[in-house]
Amino acid sequence: MMLQLALYYLLAINVITLAVYVADKIKAKRHAWRIPEATLLLLAAIGGSIGALIAIFVVRHKSQHLKFRYGVPAILLLQVALTVWMWEKLPMK
């Protein structure tokens, strides 16, 4: 049950993150008010790193910014490492 909730959360946060990155890309093209970079990175950090990577490499949003090009993959690697560590340490019932 807990694993299923975690998967639903990850799906939701990644869809939200992708949508926010795409919205910011559209705003950039229209020279409109932008979403702060800190918000974009926070979304990646709270589990939306896959959605952020899709936006960076497919939609090409923030692909020239080193903190996004290298920072978001680093966040994803840390999230994977933390997940593996937790999977090994937590008792499975």
# chains A, B, ... in the order shown; residues from 1 in each chain; ligands from 1

call {"tool": "residues_around", "arguments": {"residues": "A:Val22", "least_positions_apart": "3", "cutoff": "10 Å", "atoms": "only C-alpha atoms", "output": "ChimeraX atom specification"}}
result
/A:16-19,25-28,52,54-56,59-61

call {"tool": "residues_around", "arguments": {"residues": "stretch 63-78 of chain A", "least_positions_apart": "3", "cutoff": "8 Å", "atoms": "only C-alpha atoms", "output": "list of chain:residue names"}}
result
A:Leu41, A:Ala44, A:Ala45, A:Ser49, A:Ile50, A:Ala52, A:Leu53, A:Ile56, A:Phe57, A:Arg60, A:Ala81, A:Leu82

call {"tool": "write_last_selection", "arguments": {"atoms": "N, CA, C and O atoms", "output": "PDB file, in the first residue's frame"}}
result
ATOM      1  N   LEU A  41      13.748  24.185  -9.540  1.00  0.00           N
ATOM      2  CA  LEU A  41      14.676  23.233  -8.923  1.00  0.00           C
ATOM      3  C   LEU A  41      14.048  22.534  -7.721  1.00  0.00           C
ATOM      4  O   LEU A  41      14.292  21.344  -7.496  1.00  0.00           O
ATOM      5  N   ALA A  44      11.992  19.638  -8.844  1.00  0.00           N
ATOM      6  CA  ALA A  44      12.851  18.484  -9.144  1.00  0.00           C
ATOM      7  C   ALA A  44      13.286  17.801  -7.847  1.00  0.00           C
ATOM      8  O   ALA A  44      13.270  16.567  -7.751  1.00  0.00           O
ATOM      9  N   ALA A  45      13.635  18.591  -6.843  1.00  0.00           N
ATOM     10  CA  ALA A  45      14.148  18.042  -5.594  1.00  0.00           C
ATOM     11  C   ALA A  45      13.100  17.265  -4.802  1.00  0.00           C
ATOM     12  O   ALA A  45      13.438  16.325  -4.082  1.00  0.00           O
ATOM     13  N   SER A  49      12.183  15.107 -10.598  1.00  0.00           N
ATOM     14  CA  SER A  49      13.392  15.197 -11.416  1.00  0.00           C
ATOM     15  C   SER A  49      13.233  14.569 -12.801  1.00  0.00           C
ATOM     16  O   SER A  49      13.807  15.056 -13.776  1.00  0.00           O
ATOM     17  N   ILE A  50      12.446  13.533 -12.930  1.00  0.00           N
ATOM     18  CA  ILE A  50      12.239  12.919 -14.250  1.00  0.00           C
ATOM     19  C   ILE A  50      11.421  13.860 -15.138  1.00  0.00           C
ATOM     20  O   ILE A  50      11.754  14.062 -16.310  1.00  0.00           O
ATOM     21  N   ALA A  52      11.350  17.072 -14.865  1.00  0.00           N
ATOM     22  CA  ALA A  52      12.255  18.180 -15.178  1.00  0.00           C
ATOM     23  C   ALA A  52      13.215  17.786 -16.295  1.00  0.00           C
ATOM     24  O   ALA A  52      13.463  18.572 -17.220  1.00  0.00           O
ATOM     25  N   LEU A  53      13.762  16.576 -16.227  1.00  0.00           N
ATOM     26  CA  LEU A  53      14.675  16.120 -17.277  1.00  0.00           C
ATOM     27  C   LEU A  53      13.982  16.018 -18.632  1.00  0.00           C
ATOM     28  O   LEU A  53      14.572  16.362 -19.660  1.00  0.00           O
ATOM     29  N   ILE A  56      13.816  19.501 -19.886  1.00  0.00           N
ATOM     30  CA  ILE A  56      15.128  20.020 -20.259  1.00  0.00           C
ATOM     31  C   ILE A  56      15.578  19.467 -21.609  1.00  0.00           C
ATOM     32  O   ILE A  56      16.056  20.208 -22.473  1.00  0.00           O
ATOM     33  N   PHE A  57      15.419  18.185 -21.813  1.00  0.00           N
ATOM     34  CA  PHE A  57      15.982  17.565 -23.009  1.00  0.00           C
ATOM     35  C   PHE A  57      15.000  17.411 -24.162  1.00  0.00           C
ATOM     36  O   PHE A  57      15.421  17.348 -25.316  1.00  0.00           O
ATOM     37  N   ARG A  60      13.496  21.353 -24.389  1.00  0.00           N
ATOM     38  CA  ARG A  60      14.682  22.202 -24.424  1.00  0.00           C
ATOM     39  C   ARG A  60      14.502  23.472 -23.586  1.00  0.00           C
ATOM     40  O   ARG A  60      14.877  24.569 -23.988  1.00  0.00           O
ATOM     41  N   ALA A  81      19.828   6.939  -5.284  1.00  0.00           N
ATOM     42  CA  ALA A  81      20.688   6.402  -4.233  1.00  0.00           C
ATOM     43  C   ALA A  81      19.954   6.329  -2.901  1.00  0.00           C
ATOM     44  O   ALA A  81      20.053   5.325  -2.179  1.00  0.00           O
ATOM     45  N   LEU A  82      19.204   7.370  -2.569  1.00  0.00           N
ATOM     46  CA  LEU A  82      18.433   7.382  -1.321  1.00  0.00           C
ATOM     47  C   LEU A  82      17.361   6.294  -1.334  1.00  0.00           C
ATOM     48  O   LEU A  82      17.152   5.611  -0.329  1.00  0.00           O
TER      49      LEU A  82
END

call {"tool": "atom_distance", "arguments": {"atom1": "atom CA of A:Val20", "atom2": "atom CA of A:Leu40"}}
result
7.7 Å

call {"tool": "closest_residue", "arguments": {"among": "A:Pro91, A:Val84, A:Ile46, A:Lys62", "to": "A:Tyr9", "atoms": "only C-alpha atoms"}}
result
A:Ile46

call {"tool": "atom_distance", "arguments": {"atom1": "atom CA of A:Arg30", "atom2": "atom CA of A:Gly48"}}
result
24.9 Å

call {"tool": "atom_distance", "arguments": {"atom1": "atom CA of A:Ala38", "atom2": "atom CA of A:Leu10"}}
result
19.7 Å

call {"tool": "select_by_dssp", "arguments": {"residues": "chain A", "states": "helix (DSSP H, G or I)", "output": "VMD selection string"}}
result
chain A and resid 2 to 29 37 to 59 66 to 69 71 to 89
